[in-house]
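Participant: Take a look at upload_22.csv, CSV, C-alpha atoms:
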```
chain,number,residue,atom,x,y,z
A,953,MET,CA,123.4,134.6,244.6
A,954,ARG,CA,126.8,136.1,244.5
A,955,THR,CA,125.3,139.6,244.2
A,956,ARG,CA,123.0,139.0,247.1
A,957,ALA,CA,126.0,137.7,249.2
A,958,SER,CA,128.0,140.8,248.2
A,959,VAL,CA,125.3,143.3,249.1
A,960,CYS,CA,124.6,141.4,252.3
A,961,LEU,CA,128.2,141.6,253.3
A,962,ILE,CA,128.4,145.3,252.5
A,963,LEU,CA,125.3,145.9,254.7
A,964,LEU,CA,126.9,143.9,257.5
A,965,LEU,CA,130.1,145.9,257.2
A,966,VAL,CA,128.1,149.2,257.3
A,967,SER,CA,126.2,148.1,260.3
A,968,ALA,CA,129.4,147.0,262.0
A,969,LEU,CA,130.9,150.4,261.3
A,970,LEU,CA,127.8,152.1,262.8
A,971,LEU,CA,127.8,149.9,265.9
A,972,ALA,CA,131.5,150.6,266.3
A,973,LEU,CA,130.9,154.3,266.0
A,974,GLY,CA,128.1,154.1,268.6
A,975,LEU,CA,130.3,152.2,271.0
A,976,LEU,CA,133.3,154.5,270.2
A,977,PHE,CA,131.3,157.4,271.4
A,978,ASN,CA,130.6,155.7,274.7
A,979,GLY,CA,127.2,154.4,273.8
A,980,GLU,CA,124.1,156.4,273.1
A,981,GLN,CA,121.2,157.4,275.3
A,982,VAL,CA,118.0,156.4,273.7
A,983,TYR,CA,115.0,158.1,275.2
A,984,PRO,CA,114.5,161.7,276.3
A,985,ASP,CA,112.4,160.8,279.3
A,986,ASP,CA,114.5,158.1,280.8
A,987,PRO,CA,115.7,159.3,284.2
A,988,ASN,CA,119.4,158.5,283.5
A,989,ASN,CA,119.1,159.6,280.0
A,990,ALA,CA,120.4,162.5,278.1
A,991,THR,CA,124.0,162.7,277.6
A,992,ALA,CA,123.6,161.8,273.9
A,993,SER,CA,127.3,161.2,273.9
A,994,ASN,CA,127.4,159.7,270.5
A,995,ALA,CA,126.8,163.1,268.9
A,996,SER,CA,129.6,165.5,267.8
A,997,GLU,CA,130.3,168.4,270.0
A,998,SER,CA,129.0,170.8,267.4
A,999,ALA,CA,125.7,168.9,267.1
A,1000,LEU,CA,125.3,169.0,270.9
A,1001,ASN,CA,126.0,172.7,271.0
A,1002,ARG,CA,123.4,173.3,268.3
A,1003,ALA,CA,120.9,171.2,270.4
A,1004,VAL,CA,121.8,173.3,273.5
A,1005,ALA,CA,121.4,176.5,271.6
A,1006,ALA,CA,118.0,175.4,270.3
A,1007,GLY,CA,116.9,174.6,273.8
A,1008,ARG,CA,116.5,170.8,273.3
A,1009,LEU,CA,119.4,170.0,275.6
A,1010,PHE,CA,120.7,171.8,278.7
A,1011,ARG,CA,123.7,171.3,280.9
A,1012,ASP,CA,123.1,170.3,284.5
A,1013,PRO,CA,125.2,171.6,287.4
A,1014,SER,CA,127.6,168.7,287.0
A,1015,GLY,CA,128.2,169.6,283.3
A,1016,LEU,CA,126.3,166.7,281.9
A,1017,LEU,CA,124.0,167.3,278.9
A,1018,ARG,CA,120.4,166.5,279.7
A,1019,ILE,CA,117.3,166.6,277.7
A,1020,ARG,CA,114.7,169.0,279.0
A,1021,ALA,CA,111.7,167.5,280.7
A,1022,SER,CA,109.2,168.8,278.2
A,1023,ALA,CA,110.8,166.7,275.5
A,1024,ALA,CA,109.4,163.6,277.2
A,1025,CYS,CA,107.7,161.0,275.1
A,1026,PRO,CA,104.3,162.4,274.1
A,1027,THR,CA,102.6,159.1,274.3
B,102,MET,CA,101.6,114.1,246.9
B,103,ALA,CA,105.2,113.5,246.3
B,104,MET,CA,107.6,114.2,249.1
B,105,ALA,CA,109.7,117.3,248.5
B,106,GLU,CA,113.4,117.1,249.1
B,107,LYS,CA,114.3,120.2,251.1
B,108,THR,CA,117.3,121.7,252.8
B,109,ARG,CA,117.6,121.4,256.6
B,110,LEU,CA,116.5,125.0,256.9
B,111,ALA,CA,113.4,124.5,254.8
B,112,GLY,CA,112.6,121.4,256.8
B,113,PHE,CA,113.1,123.3,260.0
B,114,PHE,CA,110.6,126.1,259.0
B,115,ALA,CA,108.2,123.5,257.6
B,116,ARG,CA,108.0,122.0,261.1
B,117,LEU,CA,107.6,125.4,262.7
B,118,GLN,CA,105.0,126.8,260.3
B,119,PRO,CA,101.9,125.3,262.0
B,120,TYR,CA,103.1,126.8,265.3
B,121,ARG,CA,103.8,130.4,264.1
B,122,LEU,CA,101.1,132.0,266.3
B,123,TRP,CA,102.6,130.2,269.3
B,124,ILE,CA,106.1,131.4,268.4
B,125,GLN,CA,104.8,134.9,268.1
B,126,THR,CA,103.2,134.5,271.5
B,127,ALA,CA,106.5,133.2,273.0
B,128,PHE,CA,108.3,136.2,271.6
B,129,LEU,CA,105.6,138.4,273.2
B,130,MET,CA,106.9,137.1,276.6
B,131,VAL,CA,110.3,138.5,275.7
B,132,TRP,CA,109.0,141.9,274.7
B,133,LEU,CA,106.6,142.1,277.6
B,134,ASP,CA,108.7,141.2,280.6
B,135,PRO,CA,106.5,140.5,283.6
B,136,LEU,CA,109.6,140.3,285.9
B,137,GLY,CA,110.1,144.0,285.4
B,138,ILE,CA,113.5,143.8,283.8
B,139,ARG,CA,113.9,146.9,281.6
B,140,TYR,CA,116.5,147.5,278.9
B,141,HIS,CA,115.0,150.6,277.4
B,142,GLY,CA,118.5,151.6,276.3
B,143,ILE,CA,118.5,148.7,273.9
B,144,CYS,CA,116.1,148.5,270.9
B,145,ALA,CA,114.2,145.4,270.0
B,146,PRO,CA,113.9,144.8,266.2
B,147,VAL,CA,110.1,144.8,266.5
B,148,PHE,CA,107.4,147.5,266.6
B,149,HIS,CA,106.6,147.8,270.3
B,150,CYS,CA,106.2,151.0,272.3
B,151,TYR,CA,108.7,151.4,275.0
B,152,ALA,CA,106.2,153.4,277.0
B,153,CYS,CA,104.2,150.2,277.5
B,154,PRO,CA,104.3,149.5,281.2
B,155,LEU,CA,105.7,146.0,280.5
B,156,ALA,CA,108.0,146.9,277.7
B,157,THR,CA,111.4,145.2,278.1
B,158,PHE,CA,113.2,147.0,275.3
B,159,GLY,CA,113.0,150.3,273.4
B,160,CYS,CA,111.2,151.0,270.2
B,161,PRO,CA,113.6,151.6,267.3
B,162,ILE,CA,111.2,153.9,265.5
B,163,GLY,CA,110.8,156.0,268.7
B,164,VAL,CA,114.6,156.2,268.9
B,165,LEU,CA,114.9,157.3,265.3
B,166,ALA,CA,112.2,160.0,265.7
B,167,ASN,CA,113.5,161.3,269.1
B,168,PHE,CA,117.0,161.5,267.8
B,169,SER,CA,115.9,163.2,264.7
B,170,ALA,CA,114.1,165.7,266.8
B,171,LEU,CA,117.4,166.3,268.7
B,172,HIS,CA,119.3,166.5,265.4
B,173,LEU,CA,121.4,163.5,266.4
B,174,ILE,CA,122.3,160.2,264.8
B,175,PRO,CA,121.5,157.0,266.7
B,176,PHE,CA,124.4,154.9,265.4
B,177,ILE,CA,123.7,151.8,267.4
B,178,THR,CA,120.0,151.7,266.5
B,179,ILE,CA,120.6,152.2,262.8
B,180,GLY,CA,123.4,149.6,263.0
B,181,LEU,CA,121.1,147.1,264.7
B,182,LEU,CA,118.3,147.6,262.2
B,183,ILE,CA,120.8,147.0,259.3
B,184,VAL,CA,122.2,143.9,261.0
B,185,VAL,CA,118.8,142.4,261.4
B,186,GLY,CA,117.6,143.4,257.9
B,187,ALA,CA,120.8,142.1,256.3
B,188,LEU,CA,120.6,138.8,258.0
B,189,VAL,CA,116.8,137.9,257.9
B,190,GLY,CA,115.0,140.8,256.2
B,191,SER,CA,111.5,141.1,257.4
B,192,LEU,CA,111.4,137.7,259.1
B,193,PHE,CA,110.8,139.3,262.5
B,194,CYS,CA,107.7,141.0,261.2
B,195,GLY,CA,106.1,137.6,260.5
B,196,TRP,CA,107.3,135.6,263.4
B,197,ALA,CA,108.2,137.9,266.3
B,198,CYS,CA,106.5,141.3,266.2
B,199,PRO,CA,103.9,141.8,268.9
B,200,PHE,CA,102.0,144.4,266.9
B,201,GLY,CA,101.9,141.9,264.0
B,202,LEU,CA,100.6,139.3,266.5
B,203,LEU,CA,97.8,141.6,267.5
B,204,GLN,CA,96.8,142.1,263.9
B,205,ASP,CA,97.0,138.4,263.2
B,206,LEU,CA,94.6,137.7,266.1
B,207,GLY,CA,92.3,140.4,264.8
B,208,ALA,CA,92.3,138.7,261.4
B,209,ARG,CA,91.1,135.5,263.0
B,210,PHE,CA,87.7,137.1,263.6
B,211,PRO,CA,85.3,135.6,261.0
B,212,THR,CA,84.6,138.8,259.2
B,213,LYS,CA,84.9,139.5,255.5
B,214,LYS,CA,88.4,140.5,254.6
B,215,PHE,CA,89.1,143.2,252.1
B,216,GLU,CA,92.2,143.4,249.9
B,217,LEU,CA,94.3,146.5,249.6
B,218,PRO,CA,95.7,147.8,246.3
B,219,ARG,CA,99.4,147.0,246.1
B,220,TRP,CA,100.5,150.5,245.7
B,221,THR,CA,99.4,151.3,249.2
B,222,GLY,CA,102.5,149.6,250.5
B,223,HIS,CA,104.5,152.6,249.4
B,224,PHE,CA,102.8,154.8,252.1
B,225,ARG,CA,105.3,153.2,254.5
B,226,PHE,CA,108.1,155.1,252.9
B,227,VAL,CA,106.1,158.3,253.4
B,228,VAL,CA,105.6,157.5,257.1
B,229,LEU,CA,109.2,156.7,257.6
B,230,GLY,CA,110.5,159.8,255.7
B,231,ALA,CA,107.9,162.3,256.9
B,232,LEU,CA,106.6,161.3,260.4
B,233,VAL,CA,109.7,159.5,261.7
B,234,LEU,CA,112.5,161.6,260.2
B,235,ALA,CA,111.5,164.9,258.5
B,236,ILE,CA,108.8,166.2,260.9
B,237,PRO,CA,110.7,165.5,264.1
B,238,TYR,CA,113.8,167.0,262.5
B,239,PHE,CA,112.2,170.2,261.3
B,240,PHE,CA,109.5,170.7,263.9
B,241,GLY,CA,110.6,168.8,267.0
B,242,GLU,CA,108.6,166.4,269.1
B,243,GLU,CA,105.9,169.0,269.8
B,244,HIS,CA,104.4,168.7,266.3
B,245,PRO,CA,101.0,166.9,266.3
B,246,LEU,CA,102.2,164.6,263.5
B,247,PHE,CA,105.3,163.4,265.4
B,248,ILE,CA,105.2,159.6,265.0
B,249,CYS,CA,104.7,158.8,268.7
B,250,ARG,CA,101.7,161.1,268.9
B,251,VAL,CA,99.9,159.3,266.1
B,252,CYS,CA,101.2,155.8,266.5
B,253,PRO,CA,98.5,153.2,267.2
B,254,ALA,CA,101.0,151.0,269.0
B,255,GLY,CA,101.7,153.8,271.5
B,256,GLY,CA,98.0,154.3,271.9
B,257,ILE,CA,97.2,150.6,272.5
B,258,GLU,CA,100.3,149.6,274.4
B,259,ALA,CA,100.9,152.7,276.4
B,260,ALA,CA,98.0,155.2,276.5
B,261,LEU,CA,95.3,152.6,277.2
B,262,PRO,CA,97.2,150.8,279.9
B,263,SER,CA,97.9,154.2,281.5
B,264,VAL,CA,94.2,154.9,281.7
B,265,VAL,CA,93.6,151.4,283.2
B,266,SER,CA,96.3,151.9,285.8
B,267,GLN,CA,94.9,155.3,286.7
B,268,ALA,CA,91.4,153.8,287.1
B,269,ILE,CA,92.7,150.9,289.2
B,270,ALA,CA,94.7,153.3,291.4
B,271,GLY,CA,91.6,155.5,291.9
B,272,GLN,CA,93.4,158.5,290.3
B,273,GLN,CA,91.8,161.0,288.1
B,274,ILE,CA,91.8,159.5,284.6
B,275,VAL,CA,93.6,161.4,281.9
B,276,TRP,CA,92.2,160.3,278.6
B,277,PRO,CA,94.3,160.3,275.4
B,278,ASN,CA,93.3,163.1,273.1
B,279,VAL,CA,90.6,162.7,270.4
B,280,LEU,CA,93.1,162.1,267.6
B,281,LYS,CA,94.7,159.3,269.5
B,282,LEU,CA,91.4,157.7,270.5
B,283,THR,CA,90.3,157.9,266.8
B,284,ILE,CA,93.5,156.3,265.6
B,285,ILE,CA,93.1,153.5,268.1
B,286,ALA,CA,89.5,152.9,267.1
B,287,VAL,CA,90.2,153.0,263.4
B,288,PHE,CA,93.1,150.6,263.8
B,289,LEU,CA,91.2,148.1,266.0
B,290,GLY,CA,88.3,148.2,263.5
B,291,SER,CA,90.5,147.8,260.5
B,292,ILE,CA,92.3,144.7,261.7
B,293,LEU,CA,89.0,142.9,261.7
B,294,PHE,CA,88.5,143.5,257.9
B,295,ILE,CA,92.0,143.8,256.5
B,296,ARG,CA,95.0,141.5,257.2
B,297,ARG,CA,97.8,143.4,258.9
B,298,PRO,CA,96.7,146.8,257.7
B,299,TRP,CA,99.5,148.6,259.7
B,300,CYS,CA,102.3,146.3,258.5
B,301,ARG,CA,101.2,146.6,254.9
B,302,VAL,CA,100.4,150.2,254.6
B,303,LEU,CA,102.0,152.3,257.3
B,304,CYS,CA,104.7,150.5,259.3
B,305,PRO,CA,108.0,152.4,259.1
B,306,LEU,CA,110.0,149.6,260.7
B,307,GLY,CA,108.6,147.0,258.3
B,308,VAL,CA,109.7,149.1,255.3
B,309,ILE,CA,113.2,149.3,256.6
B,310,PHE,CA,113.5,145.5,257.0
B,311,SER,CA,111.6,144.6,253.9
B,312,ALA,CA,113.7,146.9,251.8
B,313,MET,CA,116.5,144.5,252.6
B,314,ASN,CA,114.5,141.4,251.6
B,315,ARG,CA,116.3,141.3,248.3
B,316,ALA,CA,119.7,141.4,249.8
B,317,SER,CA,119.3,139.5,253.1
B,318,ALA,CA,121.3,136.4,253.9
B,319,PHE,CA,118.0,134.6,254.6
B,320,PHE,CA,115.7,134.6,251.7
B,321,LEU,CA,113.0,132.7,249.8
B,322,ARG,CA,114.3,130.7,246.9
B,323,PHE,CA,112.0,130.1,243.9
B,324,GLU,CA,112.8,127.1,241.7
B,325,LYS,CA,111.1,127.5,238.4
B,326,GLY,CA,111.7,123.9,237.4
B,327,LYS,CA,109.6,122.6,240.3
B,328,CYS,CA,106.7,125.1,239.7
B,329,THR,CA,103.7,124.0,237.7
B,330,SER,CA,102.1,127.5,237.8
B,331,CYS,CA,99.2,126.1,239.8
B,332,GLY,CA,98.9,129.4,241.7
B,333,ARG,CA,98.7,127.7,245.1
B,334,CYS,CA,101.5,129.9,246.6
B,335,THR,CA,99.5,133.0,245.5
B,336,LYS,CA,96.4,131.7,247.2
B,337,LEU,CA,98.4,130.8,250.3
B,338,CYS,CA,99.8,134.3,250.5
B,339,GLN,CA,97.4,136.4,252.5
B,340,TYR,CA,99.1,139.7,251.6
B,341,ASN,CA,98.3,140.0,247.9
B,342,ILE,CA,101.8,139.1,246.7
B,343,GLU,CA,102.6,136.7,243.9
B,344,PRO,CA,105.5,134.7,245.4
B,345,GLU,CA,106.4,133.0,242.2
B,346,GLN,CA,106.9,136.4,240.6
B,347,SER,CA,108.6,138.1,243.5
B,348,PRO,CA,109.5,135.8,246.3
B,349,ASN,CA,111.4,138.5,248.2
B,350,ASP,CA,108.9,141.2,247.6
B,351,LEU,CA,109.0,144.6,249.3
B,352,ARG,CA,105.6,143.9,250.9
B,353,CYS,CA,106.5,140.4,252.2
B,354,ILE,CA,106.4,140.0,255.9
B,355,ARG,CA,108.1,136.5,255.6
B,356,CYS,CA,105.3,134.6,257.3
B,357,LEU,CA,106.5,131.8,255.0
B,358,GLU,CA,102.9,130.6,254.4
B,359,CYS,CA,103.7,130.3,250.6
B,360,THR,CA,106.4,127.7,251.4
B,361,ARG,CA,103.6,125.3,252.2
B,362,CYS,CA,103.4,124.6,248.5
B,363,ASN,CA,104.0,120.8,248.4
B,364,LEU,CA,106.0,121.0,245.2
B,365,GLY,CA,108.9,122.6,247.0
B,366,ALA,CA,109.2,125.4,244.4
B,367,LEU,CA,109.4,128.0,247.2
B,368,THR,CA,111.8,127.3,250.0
B,369,PRO,CA,113.5,129.4,252.7
B,370,ASP,CA,117.2,129.4,252.1
B,371,THR,CA,120.4,131.3,253.0
B,372,ILE,CA,123.4,132.6,251.0
B,373,LEU,CA,125.4,129.8,252.6
B,374,HIS,CA,123.3,127.2,250.8
B,375,GLY,CA,125.8,126.4,248.1
B,376,ARG,CA,128.5,125.5,250.6
B,377,ARG,CA,126.7,122.7,252.4
B,378,LYS,CA,125.0,119.5,251.4
B,379,PRO,CA,121.2,119.2,251.5
B,380,ALA,CA,119.7,117.2,254.3
B,381,ALA,CA,120.1,113.5,253.6
B,382,GLU,CA,116.6,112.6,254.5
B,383,THR,CA,113.5,114.0,253.1
B,384,VAL,CA,111.1,115.9,255.3
B,385,PRO,CA,107.4,115.4,255.4
B,386,PRO,CA,105.4,117.6,253.1
B,387,ALA,CA,104.0,120.7,254.7
B,388,ARG,CA,100.4,120.3,255.9
B,389,GLU,CA,97.6,120.9,253.5
B,390,PRO,CA,96.5,124.5,253.4
B,391,THR,CA,93.3,125.2,255.3
B,392,PRO,CA,90.4,126.7,253.5
B,393,GLU,CA,90.0,130.4,253.8
B,394,ALA,CA,87.8,131.5,256.7
```
Show me this structure written as structure tokens.

Facilitator:
Amino acid sequence: MRTRASVCLILLLVSALLLALGLLFNGEQVYPDDPNNATASNASESALNRAVAAGRLFRDPSGLLRIRASAACPT
Amino acid sequence: MAMAEKTRLAGFFARLQPYRLWIQTAFLMVWLDPLGIRYHGICAPVFHCYACPLATFGCPIGVLANFSALHLIPFITIGLLIVVGALVGSLFCGWACPFGLLQDLGARFPTKKFELPRWTGHFRFVVLGALVLAIPYFFGEEHPLFICRVCPAGGIEAALPSVVSQAIAGQQIVWPNVLKLTIIAVFLGSILFIRRPWCRVLCPLGVIFSAMNRASAFFLRFEKGKCTSCGRCTKLCQYNIEPEQSPNDLRCIRCLECTRCNLGALTPDTILHGRRKPAAETVPPAREPTPEA
């Protein structure tokens, strides 16, 4: 029981850390084809730059990162 | 049959147990919001395609796959999945998942049910690792095995409603591709002959939650002293698990059917159990198991 409680507590702490990271980076955009989507602001700058270089993201005229339309959900 | 003394939590679930299907249906009203309120930026801890016209929330597996394709980390989604898994394990699979409800309804058809070998449950790790994480990461969302392209939930909840809406609007119908139609047909056929085939063999969300069954705050307690090894719990379990051997098994969806054992050897419990007194009163024994269809 004590082991279970310890592991559970560790998992909760890890999840709290992850949630805090997500909120710290100003939330995260979830889906590529949502109209207001695409800033992916939880990512590091270098990760975003790699995504731009690979053509998965682009910067709109206002400077916001957006996901290209062809990356829409394939469903 | 002697009355079994249970904790308040066990008594609570014993009362809910006969109404599990209705509880799943009530949750369906949450996931399918007819009022049109959409929170696609938030993931629900269930397997439900966000591209469904009525989907209230986003699909966590879709988020993981799409973020993997973008080489990004979805902190909030991963955090949410770990919170739910650490608190209740796979309880949502058995009581709240709309895709599980669909399979439970399919299982009600009076057809012969086939059992799956236990090792097939490990395919879920392959689906999670390959189709949700690796393929999107290395090949992007254009790959034909990208999870959303082969997901039966996407086909049934998004592609088919799209066809219907096109037909109703009098537009030219764009049918899903042959692979998608085949997956939908195989899935709909299989739920008539196998109980929860997707959940037990392929669900990448279920494997995340059930991997935390052994550590979750809510768990199934087995008391050996009360067990007479009659095998009733094994018969009650519809998913080929032996609850007395492994009450918090990796393949368990926590439907809690096994807790209908009147001896009270298997009870839902929490890690806080030791800090509180058991319920003063005894609860009525769970209803007798119905014979297999």

Participant: For chain A, which residue out of B:Ile162, B:Leu133, B:Cys249, B:Leu122 is the nearest one, using all atoms listed in the file?

Facilitator: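 Ranking B:Ile162, B:Leu133, B:Cys249, B:Leu122 by distance to chain A, first place goes to B:Cys249.
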
Participant: Work out how far CA of Thr368 (chain B) is from CA of Leu202 (chain B), in Å to one decimal.

Facilitator: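 That distance, rounded to one decimal, is 23.3 Å.
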
Participant: Determine the nearest neighbour of chain A from the options B:Trp276, B:Phe148, B:Phe226, B:Tyr340, counting all atoms listed in the file.

Facilitator: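 The closest residue to chain A is B:Trp276.
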
Participant: Return as a list in words the residues belonging to chain B that are within 7 Å of chain A, counting all atoms listed in the file.

Facilitator: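 Here is what falls inside 7 Å: Gly142, Val164, Leu171, Leu173, Ile174, Pro175, Phe176, Ile177, Gly180, Leu181, Ile183, Val184, Ala187, Glu242, Cys249, Arg250, Gly255, Ala259, Ala260, Ala316, Ser317, Ala318 and Ile372 of chain B.
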
Participant: Quick one: residues within 9 Å of Ile236 (chain B), only C-alpha atoms counted, chain neighbours fewer than 2 positions away excluded, as a list in words?

Facilitator: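 Listed by chain and then number, they are Ala166, Ser169, Ala170, Gly230, Ala231, Leu232, Val233, Leu234, Tyr238, Phe239, Phe240, Gly241, Glu242, His244, Leu246, Phe247 and Ile248 of chain B.
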
Participant: Nearest residue to Asn314 (chain B) out of B:Ser191, B:Gln273, B:Gln204, B:Gln267, using all atoms listed in the file?

Facilitator: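 Answer, going by the shortest atom-to-atom distance: B:Ser191.
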
Participant: Kindly give the distance, in Å, that separates CA of Phe193 (chain B) and CA of Asp370 (chain B), rounded to a single decimal.

Facilitator: 15.7 Å

Participant: Report as a list of chain:residue names all protein, DNA and RNA residues lying within 12 Å of Asn278 (chain B), evaluated on only C-alpha atoms, omitting residues in the same chain fewer than 3 positions from it.

Facilitator: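 Residues near the query, excluding close chain neighbours: A:Pro1026, A:Thr1027, B:Pro245, B:Arg250, B:Val251, B:Gly256, B:Ala260, B:Leu261, B:Val264, B:Val275, B:Lys281, B:Leu282, B:Thr283, B:Ile284, B:Ile285.
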
Participant: Pick the closest to Val185 (chain B) from B:Phe114, B:Phe310, B:Trp299, B:Phe200: which is it, counting all atoms listed in the file?

Facilitator: B:Phe310
